[in-house]
Structures are given as C-alpha cells and as structure tokens.
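Participant: My structure file start.txt, compact mmCIF, C-alpha atoms and all ligand atoms, is below:
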# COMPACT_ATOMS: atom_id res chain seq x y z
CA MET A 5 73.54 105.00 113.34
CA ALA A 6 76.33 107.05 111.80
CA VAL A 7 79.00 105.16 109.87
CA ARG A 8 82.43 106.74 109.32
CA ILE A 9 84.36 105.66 106.23
CA ALA A 10 88.00 106.73 105.83
CA HIS A 11 89.48 107.16 102.36
CA ALA A 12 93.17 106.87 101.47
CA THR A 13 94.67 106.61 98.00
CA ASP A 14 97.92 106.67 96.04
CA ILE A 15 100.10 105.83 99.03
CA HIS A 16 102.76 104.56 96.59
CA TRP A 17 105.09 102.43 98.67
CA THR A 18 108.20 102.47 96.49
CA LEU A 19 111.28 100.29 96.14
CA ARG A 20 113.94 100.41 93.45
CA PRO A 21 113.62 97.38 91.14
CA PRO A 22 116.62 95.06 90.77
CA PHE A 23 118.44 95.61 87.47
CA ARG A 24 117.25 92.29 85.97
CA ARG A 25 113.62 93.34 86.47
CA LEU A 26 113.84 96.64 84.70
CA ALA A 27 111.10 95.83 82.21
CA SER A 28 110.67 98.59 79.64
CA LYS A 29 107.94 100.38 81.55
CA ARG A 30 109.86 100.17 84.83
CA LEU A 31 112.86 101.60 82.98
CA LEU A 32 110.73 104.58 82.00
CA GLN A 33 109.52 104.93 85.58
CA GLN A 34 113.10 104.82 86.88
CA ALA A 35 114.14 107.53 84.42
CA ASN A 36 111.10 109.50 85.51
CA GLN A 37 112.05 109.11 89.17
CA ILE A 38 115.65 110.15 88.61
CA ILE A 39 114.99 113.02 86.20
CA GLY A 40 111.83 114.26 87.90
CA ARG A 41 112.98 113.21 91.39
CA ARG A 42 109.71 111.31 91.76
CA ALA A 43 111.31 108.98 94.30
CA THR A 44 111.20 111.84 96.79
CA HIS A 45 107.51 112.49 96.13
CA PHE A 46 106.44 109.70 98.48
CA THR A 47 108.13 109.15 101.82
CA ARG A 48 108.10 106.41 104.42
CA ASP A 49 107.61 108.98 107.24
CA VAL A 50 104.35 110.19 105.74
CA GLN A 51 103.18 106.65 104.96
CA ASP A 52 103.88 105.55 108.54
CA SER A 53 102.16 108.67 109.87
CA LEU A 54 99.10 107.77 107.78
CA MET A 55 98.93 104.35 109.41
CA ASP A 56 99.13 105.95 112.91
CA HIS A 57 96.43 108.44 111.92
CA LEU A 58 94.08 105.72 110.66
CA LEU A 59 94.54 103.74 113.88
CA ASP A 60 93.83 106.89 115.95
CA LEU A 61 90.69 107.69 113.93
CA ALA A 62 89.42 104.11 114.21
CA PRO A 63 86.79 104.57 111.47
CA ASP A 64 84.09 101.96 110.88
CA GLY A 65 85.58 101.22 107.47
CA LEU A 66 88.42 102.17 105.16
CA PHE A 67 88.42 102.48 101.36
CA ILE A 68 91.83 102.45 99.63
CA THR A 69 91.44 103.44 95.98
CA GLY A 70 94.62 102.05 94.45
CA ASP A 71 98.25 102.85 93.67
CA LEU A 72 99.54 101.19 96.82
CA THR A 73 102.79 100.50 94.95
CA THR A 74 104.78 102.27 92.25
CA THR A 75 105.95 99.58 89.81
CA ALA A 76 103.96 96.57 91.16
CA LEU A 77 107.11 94.80 92.35
CA GLU A 78 106.58 91.79 94.60
CA GLU A 79 108.76 93.52 97.19
CA GLU A 80 106.62 96.66 97.05
CA PHE A 81 103.48 94.60 97.67
CA GLU A 82 105.22 92.87 100.59
CA LEU A 83 106.22 96.24 102.02
CA ALA A 84 102.69 97.62 101.60
CA ARG A 85 101.19 94.53 103.23
CA GLU A 86 103.60 94.72 106.17
CA ARG A 87 103.00 98.44 106.77
CA LEU A 88 99.23 98.08 106.44
CA GLU A 89 99.04 95.06 108.75
CA PRO A 90 97.97 96.93 111.95
CA VAL A 91 95.26 98.74 109.99
CA LEU A 92 94.02 95.69 108.10
CA SER A 93 93.80 93.66 111.29
CA THR A 94 91.63 96.24 113.06
CA ILE A 95 89.62 98.23 110.45
CA PRO A 96 87.29 96.59 107.87
CA THR A 97 88.96 97.60 104.62
CA LEU A 98 88.23 97.46 100.90
CA ILE A 99 91.24 97.77 98.57
CA ILE A 100 90.91 98.28 94.81
CA PRO A 101 93.80 98.48 92.34
CA GLY A 102 95.33 101.51 90.68
CA ASN A 103 97.28 101.54 87.43
CA HIS A 104 100.60 101.31 89.31
CA ASP A 105 99.48 98.06 90.98
CA VAL A 106 99.30 96.32 87.59
CA TYR A 107 102.26 98.17 86.17
CA THR A 108 103.53 95.33 84.00
CA ARG A 109 101.75 92.52 82.17
CA ARG A 110 103.56 90.03 84.39
CA SER A 111 102.29 91.65 87.60
CA ARG A 112 98.78 91.31 86.15
CA SER A 113 99.20 87.70 84.95
CA ASN A 114 100.82 86.70 88.28
CA ARG A 115 97.74 88.17 90.01
CA ARG A 116 100.24 89.84 92.33
CA MET A 117 97.82 92.27 93.92
CA PHE A 118 95.17 89.61 94.47
CA GLN A 119 97.80 87.25 95.93
CA THR A 120 98.78 89.92 98.46
CA PHE A 121 95.50 91.67 99.25
CA GLY A 122 92.84 89.18 98.07
CA PRO A 123 91.04 89.01 101.46
CA TRP A 124 90.55 92.80 101.37
CA MET A 125 89.59 93.15 97.71
CA GLY A 126 85.93 92.30 98.19
CA LEU A 127 85.80 89.79 95.35
CA ASP A 128 84.62 86.19 95.49
CA SER A 129 87.31 85.55 92.89
CA ASP A 130 89.56 87.91 90.95
CA ALA A 131 87.11 87.52 88.05
CA ALA A 132 84.12 88.93 89.99
CA PRO A 133 83.00 92.15 88.34
CA VAL A 134 82.45 94.55 91.25
CA ALA A 135 84.22 94.62 94.63
CA ARG A 136 81.98 94.90 97.69
CA LEU A 137 82.29 95.43 101.43
CA ASP A 138 79.36 96.03 103.76
CA VAL A 139 79.99 98.26 106.79
CA GLY A 140 76.86 98.54 108.93
CA ASP A 141 74.13 99.89 106.64
CA VAL A 142 76.69 101.29 104.19
CA THR A 143 78.01 99.33 101.20
CA LEU A 144 81.33 100.08 99.55
CA LEU A 145 81.47 99.10 95.87
CA GLY A 146 84.68 99.19 93.82
CA LEU A 147 85.36 99.18 90.08
CA ASP A 148 88.59 98.11 88.39
CA PRO A 149 89.41 100.08 85.22
CA THR A 150 93.12 99.14 85.30
CA ARG A 151 94.90 97.43 82.41
CA PRO A 152 98.65 97.19 81.95
CA HIS A 153 99.95 98.99 78.87
CA PRO A 154 103.57 99.27 77.68
CA VAL A 155 103.50 103.06 77.79
CA LEU A 156 100.08 104.56 78.56
CA SER A 157 98.54 105.02 82.02
CA SER A 158 94.92 105.19 80.93
CA GLY A 159 92.11 102.91 82.11
CA ARG A 160 88.72 101.67 80.96
CA VAL A 161 85.91 100.14 83.02
CA PRO A 162 84.81 96.94 81.22
CA GLN A 163 81.14 97.06 80.22
CA PRO A 164 80.26 93.91 82.27
CA GLN A 165 81.44 95.78 85.39
CA LEU A 166 79.25 98.77 84.55
CA ASP A 167 76.24 96.49 83.94
CA ALA A 168 76.88 94.67 87.23
CA LEU A 169 77.26 98.01 89.04
CA VAL A 170 73.84 99.21 87.89
CA ARG A 171 72.27 95.86 88.87
CA GLN A 172 73.85 96.05 92.32
CA LEU A 173 72.82 99.66 92.89
CA ASP A 174 69.25 98.99 91.86
CA GLY A 175 69.19 95.84 93.98
CA MET A 176 69.86 97.64 97.27
CA PRO A 177 67.70 100.76 97.40
CA GLU A 178 67.71 100.66 101.20
CA ARG A 179 71.50 100.86 101.54
CA ALA A 180 73.80 103.88 101.25
CA VAL A 181 76.46 103.07 98.66
CA VAL A 182 79.93 104.60 98.42
CA LEU A 183 81.46 103.88 95.00
CA GLY A 184 85.23 103.87 94.50
CA LEU A 185 87.47 103.60 91.47
CA HIS A 186 91.06 104.64 90.98
CA TYR A 187 90.52 107.02 88.08
CA PRO A 188 88.63 110.32 88.10
CA ILE A 189 85.40 110.44 86.09
CA LEU A 190 85.64 114.23 85.90
CA ASP A 191 88.66 116.50 86.16
CA ARG A 192 88.84 119.36 88.64
CA ARG A 193 86.99 121.67 86.20
CA GLY A 194 84.12 119.20 85.88
CA GLU A 195 85.07 117.99 82.36
CA LEU A 196 85.21 114.29 81.50
CA TYR A 197 88.63 112.88 82.47
CA ASP A 198 89.03 110.73 79.37
CA GLY A 199 92.45 111.69 78.00
CA LEU A 200 94.30 109.00 76.04
CA ASN A 201 97.49 109.02 78.07
CA HIS A 202 96.35 109.18 81.68
CA GLY A 203 92.56 109.21 81.62
CA LEU A 204 89.55 106.97 82.06
CA LEU A 205 88.83 106.32 78.40
CA ASN A 206 85.15 105.54 78.90
CA ALA A 207 84.44 108.13 81.62
CA GLY A 208 81.35 109.14 79.63
CA ALA A 209 80.04 105.56 79.70
CA VAL A 210 80.51 105.43 83.48
CA GLN A 211 78.45 108.61 83.84
CA LYS A 212 75.84 107.20 81.47
CA SER A 213 75.56 103.92 83.39
CA LEU A 214 75.14 105.77 86.68
CA THR A 215 72.49 107.98 85.08
CA SER A 216 70.56 104.82 84.15
CA ALA A 217 70.55 103.55 87.75
CA SER A 218 67.49 104.21 89.89
CA HIS A 219 69.57 104.20 93.10
CA LEU A 220 72.73 106.32 93.14
CA PRO A 221 75.81 106.27 95.40
CA VAL A 222 75.95 108.92 98.13
CA ALA A 223 79.55 109.62 97.08
CA ILE A 224 82.18 108.55 94.54
CA LEU A 225 85.80 108.31 95.72
CA HIS A 226 88.95 108.15 93.61
CA GLY A 227 92.63 109.03 93.41
CA HIS A 228 95.15 108.91 90.49
CA GLU A 229 95.50 112.70 90.37
CA HIS A 230 97.75 113.36 93.34
CA HIS A 231 96.39 116.80 94.19
CA GLY A 232 92.91 116.48 95.71
CA PHE A 233 89.70 118.08 94.48
CA THR A 234 85.94 117.66 94.67
CA VAL A 235 83.36 118.06 91.88
CA ASP A 236 79.72 117.11 91.35
CA LEU A 237 78.65 114.49 88.80
CA ASP A 238 75.36 115.14 87.05
CA CYS A 239 73.33 111.95 86.61
CA GLY A 240 70.32 113.10 84.66
CA GLY A 241 69.42 115.97 86.98
CA ARG A 242 70.53 114.08 90.10
CA THR A 243 73.90 114.97 91.59
CA VAL A 244 76.55 112.73 93.14
CA PRO A 245 79.53 114.37 94.86
CA ILE A 246 82.95 113.05 93.81
CA TYR A 247 85.93 113.28 96.18
CA ASN A 248 89.60 112.82 95.42
CA SER A 249 91.34 113.12 98.77
CA GLY A 250 94.69 113.57 96.99
CA SER A 251 97.67 111.25 97.47
CA SER A 252 97.89 109.98 101.04
CA GLY A 253 101.64 109.25 100.81
CA TYR A 254 102.86 112.52 99.32
CA ALA A 255 105.92 114.18 100.84
CA ASN A 256 105.29 117.72 102.12
CA LEU A 257 106.52 120.32 99.66
CA PRO A 258 104.95 123.68 100.53
CA ILE A 259 106.55 125.47 97.57
CA LYS A 260 104.45 123.25 95.26
CA ARG A 261 101.46 123.28 97.64
CA ARG A 262 101.97 119.55 98.02
CA ALA A 263 100.93 117.64 101.15
CA ALA A 264 99.56 114.17 101.79
CA ALA A 265 95.82 114.06 102.41
CA MET A 266 93.03 111.69 103.39
CA CYS A 267 89.31 112.02 104.05
CA VAL A 268 86.61 110.71 106.37
CA TYR A 269 82.96 110.55 105.28
CA THR A 270 80.09 110.27 107.76
CA ILE A 271 76.93 108.60 106.49
CA GLU A 272 73.75 108.61 108.51
CA ASP A 273 70.22 107.47 107.61
CA GLY A 274 71.22 106.83 104.01
CA ALA A 275 72.79 110.28 103.45
CA LEU A 276 76.30 111.72 103.44
CA VAL A 277 76.22 114.19 106.34
CA ASP A 278 79.87 115.19 106.82
CA VAL A 279 83.22 115.24 104.99
CA GLU A 280 86.44 115.75 106.91
CA ARG A 281 89.79 116.14 105.18
CA TYR A 282 93.16 115.84 106.89
CA LEU A 283 96.48 117.17 105.56
CA HIS A 284 99.90 115.97 106.64
CA THR A 285 101.96 118.44 108.69
CA ALA A 286 105.13 118.24 110.77
CA GLU A 287 102.84 117.11 113.63
CA GLY A 288 101.17 114.39 111.56
CA PHE A 289 97.75 114.43 109.84
CA LYS A 290 95.65 117.40 111.01
CA PRO A 291 92.18 118.69 109.98
CA GLU A 292 92.40 120.90 106.90
CA PRO A 293 92.21 124.56 107.99
CA GLY A 294 88.84 126.05 107.08
CA GLY A 295 87.23 122.65 106.34
CA ALA A 296 87.50 120.00 103.63
CA TYR A 297 89.11 121.35 100.42
CA ALA A 298 89.16 124.93 101.75
CA THR A 299 92.92 125.37 101.21
CA GLY A 300 92.86 124.34 97.55
CA ARG A 301 95.75 121.93 98.21
FE FE B 1 99.15 107.50 91.86
FE FE B 2 97.25 106.19 89.28
Let me see the structure of the file written as structure tokens.

Facilitator:
Amino acid sequence: MAVRIAHATDIHWTLRPPFRRLASKRLLQQANQIIGRRATHFTRDVQDSLMDHLLDLAPDGLFITGDLTTTALEEEFELARERLEPVLSTIPTLIIPGNHDVYTRRSRSNRRMFQTFGPWMGLDSDAAPVARLDVGDVTLLGLDPTRPHPVLSSGRVPQPQLDALVRQLDGMPERAVVLGLHYPILDRRGELYDGLNHGLLNAGAVQKSLTSASHLPVAILHGHEHHGFTVDLDCGGRTVPIYNSGSSGYANLPIKRRAAAMCVYTIEDGALVDVERYLHTAEGFKPEPGGAYATGR
C-alpha cells in the first residue's frame, strides 16, 4: 500500500522578544531582522496557508525538520503549538529540532522544545538517540545535530546517534526508512555542507556512517537552507536522494525567487515512487510548475 509522507521545514513562527530577554544571541538576531528585514521573511499568512494545505492533503504522515521558531522563545513555541494543533491532532507527525529551536543555552537547558512538542518528537525520553515514528510500513527516523552556541549556527551529529542510526537501519531491512535532520549533508552543488559558521561540522562522518549501513533510507529530508534543492548522496556506490523542500513559511518575494515550499513523498513496496513539491502562491500552495524542483526556486 502506498504511504504519503509530507515534509515541511523552517516555518519560523516569529515573535519579538521582550527587552529583558534580549540575550546576546537574540540581540544579534534582532539586529539581523531589523537591518536585513528578516522579520518580513516569514509571514503568518503563509504559515496559516501551510496548515490549511496540510489538512487538505491529509497525508499518512508528516515530517517537520526543525526551525519551527526563530529565537526559541517560550511564546514562539506556544504560538507554533497553537497553529499546528489542527494538524497535530489529525496527522501522525514527527518533529525534530533545528538550530533556531535551541537558540539559547537556556532554551536548551529548559528543554523548551521537548516540553512543547515532546509527544511528537518520537523519543522515549529527550536523551534517546534517534527519533522514530512508524507510519504503515514506512519508518521516519530523525537525528538531532543542534547545539546552542553564542554566535555560530553550525551543528554536529553526536557519534552515539550515528551508531544508533546504523543499528536501527540494519535492524529493519524490511521497512522503508525516511531519514530527517535539520542540516544539509551536501550543499546544492553536491559538496559536503560542513562550513564552520552554518554547516554540519561532521557531514562527512554522517555520510561515512550511512555508507557502513547495509540498509539505506529511501530518502533523506532536511531544511536549514531556505531555498530548496535536491542532490544525491553517494554511499559507497549506492545512492540516496536528499530533498530540501525549502522553507515552508517563507514570504513570497518573486524578485528574489523566494516562495514557501513543501513536499510530499510517496513510498510503495519499499521504494520512493513519487515526489511532489508545492510552492506558495496568491491562491495558496500549488503544485510546482513542471514538477518537483523544475523551477529552480
Ligand atoms: Fe531556518
Ligand atoms: Fe536552521
């Protein structure tokens, strides 16, 4: 039986932090928003339209690959939870964190994301190494490379997670696995995305671990880069397609070729058989003209 998995990422519900909570990194983010007008990059209209679109699609499962918030404020998590409620109450969903969801050390130590979205994070406890959600004969697995840093936005997948991932993959050869993580493993040119400032520092180790697995995911999903792209990951002569839908909360800005996007993957008999991509328009989310990733947006 075919299983349809929707993918949304980097929705970035955003609220302005109260003055007293302008921790140094939030201060930088505020300056960034004002100078670079980032606050207008993500709009409530698009975010609401995404929720309507997901309810209309009624997929069998939904994978959200992080950056639900912008500065990990409690109020942003509450807003995200409230807006997602109709979706979470009707669609089996796995949510994994992005770097903006653990923006400050305090948001990490308060376990703010787990407090808000714990039931959808696929972890027995917030110390479990790999997130998991089964949807029919498809299994969604999620890694967490996030770590708060005073300035940098880079991530690193802890080695115990990579070891657990390989064990899990090899332990379910009969199931189709969709792997998600917030960060790209490869950039849009197919090079390792391991830059110090914004990258996945051990992207090479992730590729190496996957290469050592006997059973590979049918697809890898991520976000973090807000313009979508797809590339193939070589795992020792075997290929896994990687999909970044692009930010699902992005405001439309045609002059910069910017539009919110989301994807739907159809998996049948253990194989990925179809990828649909939807872009936000004045009429809501519509199929990408020409097919998934055809527009280059
Ligand atoms: Fe993001
Ligand atoms: Fe990110």

Participant: What is the atom CA of A:Arg112 to atom CA of A:His45 distance in Å?

Facilitator: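 Computed distance, atom CA of A:Arg112 to atom CA of A:His45, equals 25.0 Å.
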
Participant: Counting only C-alpha atoms and all ligand atoms, which residues of chain A fall within 10 Å of ligand FE 1 (chain B), and what is the closest atom pair for each with its distance in Å at one decimal, ordered by chain and rising number, as a Markdown table?

Facilitator:
| residue | atom | partner | partner_atom | distance |
| --- | --- | --- | --- | --- |
| A:Thr13 | CA | B:FE1 | FE | 7.7 |
| A:Asp14 | CA | B:FE1 | FE | 4.4 |
| A:Ile15 | CA | B:FE1 | FE | 7.4 |
| A:His16 | CA | B:FE1 | FE | 6.6 |
| A:Thr69 | CA | B:FE1 | FE | 9.6 |
| A:Gly70 | CA | B:FE1 | FE | 7.5 |
| A:Asp71 | CA | B:FE1 | FE | 5.1 |
| A:Leu72 | CA | B:FE1 | FE | 8.0 |
| A:Thr73 | CA | B:FE1 | FE | 8.5 |
| A:Thr74 | CA | B:FE1 | FE | 7.7 |
| A:Gly102 | CA | B:FE1 | FE | 7.2 |
| A:Asn103 | CA | B:FE1 | FE | 7.7 |
| A:His104 | CA | B:FE1 | FE | 6.8 |
| A:Asp105 | CA | B:FE1 | FE | 9.5 |
| A:His186 | CA | B:FE1 | FE | 8.6 |
| A:Tyr187 | CA | B:FE1 | FE | 9.4 |
| A:Gly227 | CA | B:FE1 | FE | 6.9 |
| A:His228 | CA | B:FE1 | FE | 4.5 |
| A:Glu229 | CA | B:FE1 | FE | 6.5 |
| A:His230 | CA | B:FE1 | FE | 6.2 |
| A:His231 | CA | B:FE1 | FE | 10.0 |
| A:Gly250 | CA | B:FE1 | FE | 9.1 |
| A:Ser251 | CA | B:FE1 | FE | 6.9 |
| A:Ser252 | CA | B:FE1 | FE | 9.6 |
| A:Gly253 | CA | B:FE1 | FE | 9.5 |
| A:Tyr254 | CA | B:FE1 | FE | 9.7 |

Participant: Give me the residues within 10 Å of A:Ser113 as a ChimeraX atom specification, counting only C-alpha atoms and dropping any in the same chain fewer than 5 places off.

Facilitator: /A:106,108,152

Participant: (72.9, 98.7, 90.1) in this file's frame - what residues fall within 9 Å of it? Use only C-alpha atoms and give the answer as a PDB file with C-alpha atoms, in the coordinates of the input.

Facilitator:
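Result saved to selection07.pdb:
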ATOM      1  CA  LEU A 166      79.250  98.770  84.550  1.00  0.00           C
ATOM      2  CA  ASP A 167      76.240  96.490  83.940  1.00  0.00           C
ATOM      3  CA  ALA A 168      76.880  94.670  87.230  1.00  0.00           C
ATOM      4  CA  LEU A 169      77.260  98.010  89.040  1.00  0.00           C
ATOM      5  CA  VAL A 170      73.840  99.210  87.890  1.00  0.00           C
ATOM      6  CA  ARG A 171      72.270  95.860  88.870  1.00  0.00           C
ATOM      7  CA  GLN A 172      73.850  96.050  92.320  1.00  0.00           C
ATOM      8  CA  LEU A 173      72.820  99.660  92.890  1.00  0.00           C
ATOM      9  CA  ASP A 174      69.250  98.990  91.860  1.00  0.00           C
ATOM     10  CA  GLY A 175      69.190  95.840  93.980  1.00  0.00           C
ATOM     11  CA  MET A 176      69.860  97.640  97.270  1.00  0.00           C
ATOM     12  CA  SER A 213      75.560 103.920  83.390  1.00  0.00           C
ATOM     13  CA  LEU A 214      75.140 105.770  86.680  1.00  0.00           C
ATOM     14  CA  SER A 216      70.560 104.820  84.150  1.00  0.00           C
ATOM     15  CA  ALA A 217      70.550 103.550  87.750  1.00  0.00           C
ATOM     16  CA  SER A 218      67.490 104.210  89.890  1.00  0.00           C
ATOM     17  CA  HIS A 219      69.570 104.200  93.100  1.00  0.00           C
ATOM     18  CA  LEU A 220      72.730 106.320  93.140  1.00  0.00           C
TER      19      LEU A 220
END

Participant: In Å, how far is it from atom CA of A:Thr120 to atom CA of A:Asp52?

Facilitator: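 Separation of atom CA of A:Thr120 and atom CA of A:Asp52: 19.3 Å.
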
Participant: Considering only C-alpha atoms, can you say which of A:Thr97, A:Thr285, A:Asn114, A:Gln51 comes closest to A:Gly126?

Facilitator: A:Thr97

Participant: Calculated over all atoms listed in the file, which of the candidates A:Leu59, A:Ile100, A:Ala286, A:Val222 has the smallest distance to ligand FE 2 (chain B)?

Facilitator: A:Ile100

Participant: List every protein, DNA or RNA residue that has an atom no more than 12 Å from (84.6, 108.9, 96.7) in the file's coordinate frame, counting only C-alpha atoms, and report them as a PyMOL selection string.

Facilitator: chain A and resi 9-13+66-69+144-147+181-189+221-227+232-237+244-250+266-269+276+279

Participant: Of the candidates A:Thr243, A:Asn201, A:Thr299, A:Ser111, which one gets nearest to ligand FE 2 (chain B) if we count all atoms listed in the file?

Facilitator: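 Closest to ligand FE 2 (chain B), using all atoms listed in the file: A:Asn201.
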
Participant: Between atom CA of A:Pro90 and atom CA of A:Met5, what is the distance, to one decimal in Å?

Facilitator: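 Distance between the two atoms: 25.8 Å.
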
Participant: Pick out the closest residue to ligand FE 2 (chain B) from this set: A:Gly194, A:Pro177, A:Gly65, A:Gly159. Count all atoms listed in the file.

Facilitator: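 Between A:Gly194, A:Pro177, A:Gly65, A:Gly159, the residue approaching ligand FE 2 (chain B) most closely is A:Gly159.
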
Participant: For A:Thr94, find every residue with an atom within 12 Å (counting only C-alpha atoms), except residues of its own chain fewer than 2 positions away, and show them as an MDAnalysis selection string.

Facilitator: chainID A and resid 55 58:66 88:92 96:97

Participant: Which residues are close to A:Gly288, i.e. within 8 Å by only C-alpha atoms, leaving aside same-chain residues fewer than 6 positions away? Reply as an NGL selection string.

Facilitator: :A and (50 or 53-54 or 57)

Participant: Please put the answer as lines of an AutoDock Vina configuration file: centre and edge lengths, in Å with one decimal, of a box along x, y and z that encloses all listed atoms of stretch 138-151 of chain A plus 6 Å on each side.

Facilitator:
center_x = 84.5
center_y = 98.7
center_z = 95.7
size_x = 32.8
size_y = 17.3
size_z = 38.5
